[in-house]
$ cat structure26.cif   # mmCIF, C-alpha atoms and all ligand atoms
data_upload
loop_
_atom_site.label_atom_id
_atom_site.label_comp_id
_atom_site.auth_asym_id
_atom_site.auth_seq_id
_atom_site.Cartn_x
_atom_site.Cartn_y
_atom_site.Cartn_z
CA MET A 1 25.84 54.53 -4.91
CA VAL A 2 27.59 54.07 -8.23
CA THR A 3 26.52 56.56 -10.87
CA ASP A 4 27.30 56.31 -14.57
CA PRO A 5 29.92 58.65 -15.99
CA VAL A 6 28.01 61.42 -17.71
CA ILE A 7 27.14 61.25 -21.37
CA ASP A 8 26.55 64.59 -23.08
CA GLN A 9 23.04 64.26 -24.52
CA ASN A 10 23.78 66.99 -27.06
CA ARG A 11 26.68 65.12 -28.61
CA LEU A 12 25.34 61.61 -28.91
CA PRO A 13 26.55 59.60 -31.88
CA HIS A 14 23.51 59.11 -34.10
CA HIS A 15 24.76 55.90 -35.71
CA ILE A 16 27.14 53.46 -34.00
CA ALA A 17 28.68 50.50 -35.83
CA ILE A 18 30.37 47.65 -33.97
CA ILE A 19 32.79 44.92 -35.07
CA MET A 20 31.86 42.35 -32.44
CA ASP A 21 35.14 40.47 -32.18
CA GLY A 22 36.65 38.14 -29.59
CA ASN A 23 33.96 35.52 -28.91
CA GLY A 24 36.20 32.60 -29.84
CA ARG A 25 39.20 33.66 -27.76
CA TRP A 26 36.90 34.45 -24.82
CA ALA A 27 35.61 30.87 -24.90
CA VAL A 28 38.99 29.19 -25.49
CA LYS A 29 40.41 31.03 -22.47
CA ARG A 30 37.65 29.39 -20.42
CA ASN A 31 38.35 25.96 -21.95
CA ARG A 32 35.00 26.01 -23.67
CA PRO A 33 34.11 25.49 -27.34
CA ARG A 34 34.04 28.60 -29.56
CA LEU A 35 30.26 28.37 -29.89
CA PHE A 36 29.96 28.96 -26.16
CA GLY A 37 31.63 32.31 -26.82
CA HIS A 38 29.24 33.09 -29.67
CA LYS A 39 26.27 32.37 -27.39
CA ALA A 40 27.68 34.71 -24.74
CA GLY A 41 28.20 37.21 -27.56
CA ALA A 42 24.48 37.05 -28.37
CA ASP A 43 23.78 38.13 -24.77
CA SER A 44 26.03 41.15 -25.33
CA VAL A 45 23.99 41.95 -28.43
CA ARG A 46 20.80 42.03 -26.33
CA VAL A 47 22.43 44.26 -23.72
CA ILE A 48 23.91 46.67 -26.27
CA VAL A 49 20.63 46.97 -28.19
CA GLU A 50 18.77 47.72 -24.94
CA SER A 51 21.44 50.18 -23.83
CA SER A 52 21.34 51.94 -27.20
CA LEU A 53 17.60 52.45 -26.87
CA GLU A 54 17.93 53.69 -23.35
CA LEU A 55 20.83 56.07 -24.13
CA GLY A 56 19.08 57.60 -27.15
CA ILE A 57 21.21 56.15 -29.96
CA LYS A 58 19.13 55.94 -33.13
CA ILE A 59 20.97 53.47 -35.37
CA LEU A 60 23.15 50.49 -34.48
CA THR A 61 24.96 48.44 -37.11
CA LEU A 62 26.42 45.16 -35.87
CA TYR A 63 28.98 43.17 -37.85
CA ALA A 64 27.65 39.70 -37.13
CA PHE A 65 29.13 37.62 -39.96
CA SER A 66 31.56 38.64 -42.70
CA SER A 67 31.82 37.38 -46.27
CA GLU A 68 35.16 35.87 -45.18
CA ASN A 69 33.60 34.08 -42.18
CA TRP A 70 32.08 31.53 -44.62
CA ASN A 71 35.61 30.08 -44.70
CA ARG A 72 35.44 29.00 -41.05
CA PRO A 73 34.93 25.32 -40.14
CA GLN A 74 31.48 24.14 -41.26
CA GLN A 75 30.46 23.33 -37.70
CA GLU A 76 31.17 26.86 -36.48
CA VAL A 77 29.33 28.40 -39.46
CA SER A 78 26.22 26.30 -38.86
CA GLY A 79 26.41 27.03 -35.12
CA LEU A 80 26.48 30.76 -35.84
CA MET A 81 23.54 30.45 -38.25
CA GLY A 82 21.61 28.58 -35.55
CA ILE A 83 22.33 31.35 -33.03
CA LEU A 84 21.10 33.94 -35.53
CA LYS A 85 17.83 32.10 -36.06
CA THR A 86 17.27 31.62 -32.34
CA TYR A 87 18.10 35.26 -31.64
CA LEU A 88 15.59 36.52 -34.22
CA ALA A 89 12.83 34.20 -33.02
CA ALA A 90 13.40 35.17 -29.38
CA GLU A 91 13.71 38.92 -29.97
CA LEU A 92 10.97 39.67 -32.49
CA SER A 93 8.32 40.51 -29.89
CA GLN A 94 10.77 42.77 -28.02
CA MET A 95 11.63 44.50 -31.27
CA GLN A 96 7.95 45.23 -31.88
CA LYS A 97 7.42 46.37 -28.32
CA ASN A 98 10.40 48.73 -28.45
CA GLY A 99 9.76 50.16 -31.92
CA ILE A 100 12.87 48.58 -33.43
CA ARG A 101 13.16 48.38 -37.20
CA LEU A 102 15.42 45.53 -38.32
CA LEU A 103 17.55 45.92 -41.42
CA CYS A 104 20.22 43.78 -42.98
CA THR A 105 23.38 44.79 -44.81
CA GLY A 106 25.00 42.01 -46.84
CA ASP A 107 24.37 39.20 -49.30
CA ILE A 108 21.64 37.30 -47.47
CA SER A 109 20.96 35.10 -50.49
CA GLN A 110 23.91 33.06 -49.20
CA LEU A 111 22.30 32.30 -45.83
CA PRO A 112 20.71 28.88 -45.25
CA ASP A 113 16.89 28.84 -45.62
CA GLY A 114 16.03 28.77 -41.90
CA PRO A 115 17.92 31.88 -40.75
CA ARG A 116 17.16 33.69 -44.02
CA ASP A 117 13.41 33.13 -43.63
CA ALA A 118 13.54 34.28 -40.00
CA LEU A 119 15.47 37.38 -41.05
CA GLU A 120 13.16 38.28 -43.92
CA LYS A 121 10.12 37.75 -41.72
CA ALA A 122 11.54 40.00 -38.97
CA ILE A 123 12.58 42.70 -41.47
CA GLU A 124 9.10 42.75 -42.96
CA ALA A 125 7.30 42.65 -39.61
CA THR A 126 9.31 45.57 -38.19
CA ALA A 127 9.44 47.71 -41.34
CA ASP A 128 7.15 50.44 -39.97
CA ASN A 129 8.90 50.84 -36.61
CA THR A 130 10.61 54.21 -36.24
CA LYS A 131 12.15 54.49 -32.77
CA PHE A 132 15.40 52.70 -33.45
CA THR A 133 17.14 50.92 -36.33
CA LEU A 134 19.05 47.70 -35.77
CA ASN A 135 21.08 46.90 -38.85
CA LEU A 136 22.73 43.47 -38.95
CA ALA A 137 25.74 43.13 -41.26
CA LEU A 138 25.45 39.51 -42.33
CA SER A 139 27.42 37.76 -45.03
CA TYR A 140 28.81 41.25 -45.49
CA GLY A 141 32.04 42.39 -47.09
CA ALA A 142 32.74 45.97 -48.11
CA ARG A 143 34.65 44.99 -51.24
CA ASP A 144 31.73 42.84 -52.41
CA GLU A 145 29.39 45.71 -51.61
CA ILE A 146 31.40 48.26 -53.61
CA THR A 147 31.81 45.82 -56.51
CA ARG A 148 28.06 45.28 -56.51
CA ALA A 149 27.50 49.05 -56.55
CA ALA A 150 29.87 49.39 -59.54
CA LYS A 151 27.88 46.73 -61.39
CA LEU A 152 24.54 48.42 -60.60
CA LEU A 153 25.84 51.76 -61.88
CA ALA A 154 27.41 50.19 -64.98
CA ARG A 155 24.04 48.60 -65.69
CA ARG A 156 22.30 51.98 -65.38
CA CYS A 157 24.82 53.47 -67.85
CA VAL A 158 24.24 50.65 -70.32
CA ASP A 159 20.48 51.15 -69.96
CA GLY A 160 20.89 54.85 -70.75
CA ASP A 161 19.61 56.00 -67.37
CA LEU A 162 22.97 57.58 -66.42
CA THR A 163 26.22 58.57 -68.16
CA PRO A 164 29.66 57.70 -66.67
CA ASP A 165 30.46 61.40 -66.18
CA GLN A 166 27.35 61.92 -64.09
CA ILE A 167 28.36 59.33 -61.49
CA SER A 168 28.78 61.06 -58.13
CA PRO A 169 29.48 59.86 -54.58
CA GLU A 170 25.69 60.05 -54.00
CA HIS A 171 25.14 57.54 -56.81
CA ILE A 172 27.60 55.18 -55.17
CA GLU A 173 25.95 55.65 -51.77
CA GLU A 174 22.51 54.83 -53.09
CA SER A 175 23.91 51.65 -54.66
CA LEU A 176 25.38 50.29 -51.43
CA TYR A 177 23.53 47.90 -49.10
CA THR A 178 23.34 50.77 -46.61
CA ALA A 179 21.44 53.10 -49.01
CA GLY A 180 19.38 55.55 -46.99
CA LEU A 181 21.34 55.13 -43.74
CA PRO A 182 23.63 57.93 -42.57
CA ASP A 183 27.31 57.05 -42.12
CA PRO A 184 28.34 55.72 -38.70
CA ASP A 185 29.61 58.43 -36.36
CA LEU A 186 31.37 55.97 -34.09
CA LEU A 187 32.87 52.61 -35.07
CA ILE A 188 33.80 50.31 -32.19
CA ARG A 189 35.92 47.16 -32.50
CA THR A 190 36.20 44.85 -29.51
CA GLY A 191 38.64 41.96 -29.19
CA GLY A 192 41.98 43.76 -29.40
CA GLU A 193 42.63 43.84 -33.14
CA ALA A 194 43.17 47.21 -34.81
CA ARG A 195 41.81 46.54 -38.28
CA LEU A 196 38.57 46.95 -40.23
CA SER A 197 38.31 43.41 -41.63
CA ASN A 198 36.40 44.53 -44.73
CA PHE A 199 33.72 46.42 -42.77
CA LEU A 200 32.01 49.58 -44.12
CA LEU A 201 35.08 50.76 -46.08
CA TRP A 202 33.09 53.48 -47.83
CA GLN A 203 30.76 54.48 -45.00
CA ALA A 204 33.42 54.69 -42.27
CA SER A 205 35.53 57.28 -44.13
CA TYR A 206 34.96 59.81 -41.37
CA SER A 207 33.83 57.63 -38.48
CA GLU A 208 35.59 57.99 -35.17
CA ILE A 209 37.19 54.62 -34.47
CA TYR A 210 37.41 53.12 -31.00
CA PHE A 211 39.45 49.96 -30.48
CA THR A 212 39.23 48.11 -27.20
CA ASP A 213 40.93 44.95 -25.90
CA ILE A 214 37.71 43.85 -24.22
CA MET A 215 36.32 40.68 -25.79
CA TRP A 216 32.78 41.01 -27.17
CA PRO A 217 31.12 38.75 -24.52
CA ASP A 218 32.53 41.10 -21.85
CA PHE A 219 31.40 44.26 -23.64
CA ARG A 220 28.31 45.42 -21.81
CA ARG A 221 26.57 48.68 -20.85
CA GLU A 222 29.46 50.10 -18.81
CA GLN A 223 32.04 49.47 -21.55
CA TYR A 224 29.64 50.89 -24.14
CA ILE A 225 29.22 54.09 -22.15
CA GLN A 226 33.03 54.37 -21.93
CA ALA A 227 33.26 54.18 -25.73
CA ILE A 228 30.60 56.87 -26.16
CA ILE A 229 32.33 59.15 -23.66
CA ASP A 230 35.62 58.66 -25.50
CA TYR A 231 33.86 59.60 -28.74
CA GLN A 232 32.53 62.77 -27.14
CA LYS A 233 36.07 63.92 -26.37
CA ARG A 234 37.06 63.81 -30.03
CA GLU A 235 37.05 66.79 -32.34
CA ARG A 236 35.59 65.86 -35.73
CA ARG A 237 37.35 68.14 -38.18
CA PHE A 238 36.44 66.65 -41.58
CA GLY A 239 39.58 68.12 -43.10
CA LYS A 240 39.18 71.59 -41.59
CA THR A 241 41.36 73.21 -38.93
CA SER A 242 40.52 73.11 -35.26
CA ALA A 243 39.96 76.89 -35.26
CA GLN A 244 37.35 76.57 -37.99
CA ILE A 245 35.50 73.93 -35.99
CA THR A 246 35.47 75.85 -32.71
CA ALA A 247 34.35 79.05 -34.49
CA ASN A 248 31.04 77.35 -35.36
C1 LIG A 301 33.55 37.45 -33.63
O1 LIG A 301 34.28 36.65 -32.79
C2 LIG A 301 32.31 36.79 -34.14
C3 LIG A 301 32.37 36.41 -35.56
C4 LIG A 301 33.34 36.66 -36.38
C5 LIG A 301 31.25 35.68 -36.09
P1 LIG A 301 35.38 35.64 -33.34
O2 LIG A 301 34.71 34.34 -33.58
O3 LIG A 301 36.10 36.20 -34.49
O4 LIG A 301 36.31 35.54 -32.08
P2 LIG A 301 37.91 35.46 -32.09
O5 LIG A 301 38.41 36.67 -32.84
O6 LIG A 301 38.28 34.18 -32.75
O7 LIG A 301 38.25 35.51 -30.66
C1 LIG A 302 35.40 40.45 -38.13
O1 LIG A 302 35.97 39.55 -37.25
C2 LIG A 302 34.03 39.97 -38.53
C3 LIG A 302 33.01 40.00 -37.47
C4 LIG A 302 33.17 40.46 -36.26
C5 LIG A 302 31.74 39.48 -37.84
P1 LIG A 302 36.98 38.42 -37.74
O2 LIG A 302 37.38 37.69 -36.52
O3 LIG A 302 36.37 37.64 -38.83
O4 LIG A 302 38.17 39.29 -38.32
P2 LIG A 302 39.66 38.87 -38.66
O5 LIG A 302 39.61 37.60 -39.43
O6 LIG A 302 40.38 38.68 -37.36
O7 LIG A 302 40.22 40.02 -39.43
MG MG A 303 37.80 37.34 -34.66
#

$ encode --input "structure26.cif" --output "structure tokens" --more "lines below"
Ligand code: IPE
Ligand code: IPE
Ligand code: MG
Amino acid sequence: MVTDPVIDQNRLPHHIAIIMDGNGRWAVKRNRPRLFGHKAGADSVRVIVESSLELGIKILTLYAFSSENWNRPQQEVSGLMGILKTYLAAELSQMQKNGIRLLCTGDISQLPDGPRDALEKAIEATADNTKFTLNLALSYGARDEITRAAKLLARRCVDGDLTPDQISPEHIEESLYTAGLPDPDLLIRTGGEARLSNFLLWQASYSEIYFTDIMWPDFRREQYIQAIIDYQKRERRFGKTSAQITAN
């Protein structure tokens, strides 16, 4: 009998963020169109959401579409938007059944009407669920997000609600798309690249980062557990010395 490697229940990452990369290359290697890879990637999303629930993870943020991804060929962009709409329609009842609250991080005003309506409907319908939070980063870019936060705070200063000297990291946090969500403990990137691609530049300041060569469509429960076990071997020092951490 094959048993899973053991996850330490006392050291579970509370919030995991994933850069789901490698769908296109996965498909091209199989002589299939890139959209075939994106569809297989949607199956990985289902598996990883289910696994997160089962393993006791509380928040999962998935980088599904970046602000830069709008620059891809029109056909690929509309294919991805179609997959998003289909995914939301197919998963809404499961989300309700499993107590999943759906959130979105990003500029969704840019999405076409169909997927945006489906997204808004699912966010509203699941707003009171408390077991698990699925946060989709869509049309998301960290530089846009931080610029937007700067504008919101500048506006508050102009309105007399705040002075420039009062601005603190907490003010910036509450002006980001992710306001109210704790920072990710673990950030995973599949697909072999070792970069952040404009993802959660503020929030990931102290995240443990796990890069893997596995392409997103091949990233399933077993690979996810490996990433969590790797995370559990790390010592999170937050600037302190190792002795200070072990003394606590
Ligand atoms: C990630 O896979 C999915 C999105 C960016 C939407 P890619 O489409 O970037 O796949 P590769 O990196 O080209 O293999
Ligand atoms: C990052 O992947 C964005 C998502 C996974 C949604 P990209 O494939 O767009 O990143 P780059 O272009 O290789 O940096
Ligand atoms: Mg890519």

$ residues_near_ligand --input "structure26.cif" --ligand "ligand LIG 301 (chain A)" --cutoff "6 Å" --atoms "all atoms listed in the file" --output "ChimeraX atom specification"
/A:20-25,64-65

$ residues_near_ligand --input "structure26.cif" --ligand "ligand LIG 302 (chain A)" --cutoff "9 Å" --atoms "only C-alpha atoms and all ligand atoms" --output "list in words"
Ile18, Ile19, Met20, Asp21, Gly22, Asn23, Gly24, Leu62, Tyr63, Ala64, Phe65, Ser66, Ser67, Glu68, Asn69, Arg72, Ala137, Leu138, Ser139, Tyr140, Arg189, Thr190, Gly191, Glu193, Arg195, Leu196, Ser197, Asn198 and Phe199 of chain A

$ residues_near_point --input "structure26.cif" --point "(30.5, 32.4, -26.9)" --cutoff "8 Å" --atoms "all atoms listed in the file" --output "ChimeraX atom specification"
/A:23-24,26-27,33-42,217

$ axis_aligned_box --input "structure26.cif" --around "range 193-212 of chain A" --padding-each-side "5 Å" --output "AutoDock Vina command-line options"
--center_x 37.0 --center_y 51.6 --center_z -37.5 --size_x 22.4 --size_y 26.4 --size_z 30.6

$ closest_residue --input "structure26.cif" --among "A:Tyr224, A:Gly192, A:Lys85, A:Gln166" --to "ligand MG 303 (chain A)" --atoms "all atoms listed in the file"
A:Gly192

$ residues_around --input "structure26.cif" --residues "Asp128 in chain A" --least-positions-apart "6" --cutoff "9 Å" --atoms "only C-alpha atoms" --output "VMD selection string"
chain A and resid 99 to 101

$ residues_around --input "structure26.cif" --residues "range 150-162 of chain A" --least-positions-apart "4" --cutoff "8 Å" --atoms "all atoms listed in the file" --output "list in words"
Ile146, Gln166, Ile167, His171, Ile172 and Ser175 of chain A

$ residues_around --input "structure26.cif" --residues "range 9-11 of chain A" --least-positions-apart "5" --cutoff "12 Å" --atoms "all atoms listed in the file" --output "CSV table (one decimal) with C-alpha atoms, keeping the file's coordinate frame"
chain,number,residue,atom,x,y,z
A,54,GLU,CA,17.9,53.7,-23.4
A,55,LEU,CA,20.8,56.1,-24.1
A,56,GLY,CA,19.1,57.6,-27.2
A,57,ILE,CA,21.2,56.2,-30.0
A,185,ASP,CA,29.6,58.4,-36.4
A,186,LEU,CA,31.4,56.0,-34.1
A,228,ILE,CA,30.6,56.9,-26.2
A,229,ILE,CA,32.3,59.2,-23.7
A,230,ASP,CA,35.6,58.7,-25.5
A,231,TYR,CA,33.9,59.6,-28.7
A,232,GLN,CA,32.5,62.8,-27.1
A,233,LYS,CA,36.1,63.9,-26.4
A,234,ARG,CA,37.1,63.8,-30.0
A,235,GLU,CA,37.0,66.8,-32.3
A,236,ARG,CA,35.6,65.9,-35.7

$ atom_distance --input "structure26.cif" --atom1 "CA of Ala243 in chain A" --atom2 "CA of Phe211 in chain A"
27.4 Å

$ atom_distance --input "structure26.cif" --atom1 "CA of Glu174 in chain A" --atom2 "CA of Leu12 in chain A"
25.3 Å

$ closest_residue --input "structure26.cif" --among "A:Ala127, A:Ala118, A:Leu187, A:Met95" --to "Glu50 in chain A" --atoms "all atoms listed in the file"
A:Met95

$ residues_around --input "structure26.cif" --residues "Asp113 in chain A" --least-positions-apart "5" --cutoff "12 Å" --atoms "only C-alpha atoms" --output "compact mmCIF listing (two decimals) with C-alpha atoms, in the coordinates of the input"
# COMPACT_ATOMS: atom_id res chain seq x y z
CA SER A 78 26.22 26.30 -38.86
CA MET A 81 23.54 30.45 -38.25
CA GLY A 82 21.61 28.58 -35.55
CA LYS A 85 17.83 32.10 -36.06
CA ILE A 108 21.64 37.30 -47.47
CA ALA A 118 13.54 34.28 -40.00
CA LEU A 119 15.47 37.38 -41.05
CA GLU A 120 13.16 38.28 -43.92
CA LYS A 121 10.12 37.75 -41.72

$ closest_residue --input "structure26.cif" --among "A:Ile123, A:Ile245, A:Ala194, A:Val6" --to "ligand MG 303 (chain A)" --atoms "all atoms listed in the file"
A:Ala194

$ residues_around --input "structure26.cif" --residues "Arg220 in chain A" --least-positions-apart "5" --cutoff "9 Å" --atoms "all atoms listed in the file" --output "list in words"
Ser44, Val45, Val47, Ile48, Ser51 and Ile225 of chain A

$ write_last_selection --input "structure26.cif" --atoms "C-alpha atoms" --output "tab-separated table (two decimals), in the frame of the given file"
chain	number	residue	atom	x	y	z
A	44	SER	CA	26.03	41.15	-25.33
A	45	VAL	CA	23.99	41.95	-28.43
A	47	VAL	CA	22.43	44.26	-23.72
A	48	ILE	CA	23.91	46.67	-26.27
A	51	SER	CA	21.44	50.18	-23.83
A	225	ILE	CA	29.22	54.09	-22.15

$ closest_residue --input "structure26.cif" --among "A:Lys240, A:Arg46, A:Lys29, A:Lys58" --to "Thr130 in chain A" --atoms "all atoms listed in the file"
A:Lys58

$ atom_distance --input "structure26.cif" --atom1 "CA of Leu53 in chain A" --atom2 "CA of Lys131 in chain A"
8.3 Å

$ closest_residue --input "structure26.cif" --among "A:Ile7, A:Met215, A:Ala247, A:Leu84" --to "ligand MG 303 (chain A)" --atoms "only C-alpha atoms and all ligand atoms"
A:Met215

$ decode --input "structure26.cif" --residues "range 33-51 of chain A" --atoms "N, CA, C and O atoms" --output "mmCIF file, in the first residue's frame"
data_model
loop_
_atom_site.group_PDB
_atom_site.id
_atom_site.type_symbol
_atom_site.label_atom_id
_atom_site.label_comp_id
_atom_site.auth_asym_id
_atom_site.auth_seq_id
_atom_site.Cartn_x
_atom_site.Cartn_y
_atom_site.Cartn_z
ATOM 1 N N PRO A 33 -2.687 21.988 -29.422
ATOM 2 C CA PRO A 33 -2.763 23.450 -29.280
ATOM 3 C C PRO A 33 -2.638 23.882 -27.820
ATOM 4 O O PRO A 33 -2.968 23.111 -26.911
ATOM 5 N N ARG A 34 -2.190 25.113 -27.600
ATOM 6 C CA ARG A 34 -1.974 25.607 -26.230
ATOM 7 C C ARG A 34 -3.244 25.522 -25.372
ATOM 8 O O ARG A 34 -3.170 25.245 -24.176
ATOM 9 N N LEU A 35 -4.401 25.712 -26.031
ATOM 10 C CA LEU A 35 -5.646 25.672 -25.241
ATOM 11 C C LEU A 35 -5.902 24.299 -24.627
ATOM 12 O O LEU A 35 -6.519 24.194 -23.566
ATOM 13 N N PHE A 36 -5.406 23.275 -25.284
ATOM 14 C CA PHE A 36 -5.514 21.925 -24.728
ATOM 15 C C PHE A 36 -4.788 21.877 -23.376
ATOM 16 O O PHE A 36 -5.260 21.259 -22.414
ATOM 17 N N GLY A 37 -3.663 22.564 -23.323
ATOM 18 C CA GLY A 37 -2.912 22.642 -22.054
ATOM 19 C C GLY A 37 -3.677 23.436 -21.002
ATOM 20 O O GLY A 37 -3.688 23.071 -19.825
ATOM 21 N N HIS A 38 -4.335 24.502 -21.423
ATOM 22 C CA HIS A 38 -5.096 25.299 -20.453
ATOM 23 C C HIS A 38 -6.282 24.498 -19.904
ATOM 24 O O HIS A 38 -6.627 24.617 -18.727
ATOM 25 N N LYS A 39 -6.874 23.657 -20.765
ATOM 26 C CA LYS A 39 -7.994 22.834 -20.280
ATOM 27 C C LYS A 39 -7.491 21.807 -19.268
ATOM 28 O O LYS A 39 -8.119 21.578 -18.230
ATOM 29 N N ALA A 40 -6.347 21.208 -19.569
ATOM 30 C CA ALA A 40 -5.759 20.251 -18.613
ATOM 31 C C ALA A 40 -5.388 20.988 -17.323
ATOM 32 O O ALA A 40 -5.496 20.433 -16.222
ATOM 33 N N GLY A 41 -4.977 22.240 -17.469
ATOM 34 C CA GLY A 41 -4.638 23.053 -16.293
ATOM 35 C C GLY A 41 -5.865 23.289 -15.414
ATOM 36 O O GLY A 41 -5.760 23.319 -14.178
ATOM 37 N N ALA A 42 -7.031 23.421 -16.033
ATOM 38 C CA ALA A 42 -8.263 23.608 -15.245
ATOM 39 C C ALA A 42 -8.546 22.347 -14.416
ATOM 40 O O ALA A 42 -9.069 22.441 -13.300
ATOM 41 N N ASP A 43 -8.198 21.181 -14.935
ATOM 42 C CA ASP A 43 -8.361 19.945 -14.140
ATOM 43 C C ASP A 43 -7.436 19.965 -12.924
ATOM 44 O O ASP A 43 -7.818 19.528 -11.844
ATOM 45 N N SER A 44 -6.207 20.482 -13.118
ATOM 46 C CA SER A 44 -5.305 20.608 -11.965
ATOM 47 C C SER A 44 -5.894 21.558 -10.921
ATOM 48 O O SER A 44 -5.751 21.322 -9.725
ATOM 49 N N VAL A 45 -6.549 22.615 -11.394
ATOM 50 C CA VAL A 45 -7.167 23.552 -10.442
ATOM 51 C C VAL A 45 -8.176 22.800 -9.569
ATOM 52 O O VAL A 45 -8.165 22.906 -8.342
ATOM 53 N N ARG A 46 -9.035 22.005 -10.202
ATOM 54 C CA ARG A 46 -10.032 21.233 -9.433
ATOM 55 C C ARG A 46 -9.350 20.354 -8.395
ATOM 56 O O ARG A 46 -9.734 20.321 -7.229
ATOM 57 N N VAL A 47 -8.325 19.630 -8.843
ATOM 58 C CA VAL A 47 -7.630 18.704 -7.941
ATOM 59 C C VAL A 47 -6.978 19.460 -6.780
ATOM 60 O O VAL A 47 -7.065 19.028 -5.623
ATOM 61 N N ILE A 48 -6.348 20.586 -7.082
ATOM 62 C CA ILE A 48 -5.616 21.301 -6.025
ATOM 63 C C ILE A 48 -6.585 21.983 -5.052
ATOM 64 O O ILE A 48 -6.315 22.037 -3.854
ATOM 65 N N VAL A 49 -7.730 22.431 -5.543
ATOM 66 C CA VAL A 49 -8.736 22.989 -4.627
ATOM 67 C C VAL A 49 -9.237 21.879 -3.691
ATOM 68 O O VAL A 49 -9.267 22.037 -2.477
ATOM 69 N N GLU A 50 -9.589 20.736 -4.271
ATOM 70 C CA GLU A 50 -10.065 19.606 -3.454
ATOM 71 C C GLU A 50 -9.012 19.169 -2.449
ATOM 72 O O GLU A 50 -9.308 18.913 -1.288
ATOM 73 N N SER A 51 -7.771 19.064 -2.905
ATOM 74 C CA SER A 51 -6.691 18.635 -2.011
ATOM 75 C C SER A 51 -6.490 19.646 -0.893
ATOM 76 O O SER A 51 -6.228 19.259 0.246
#
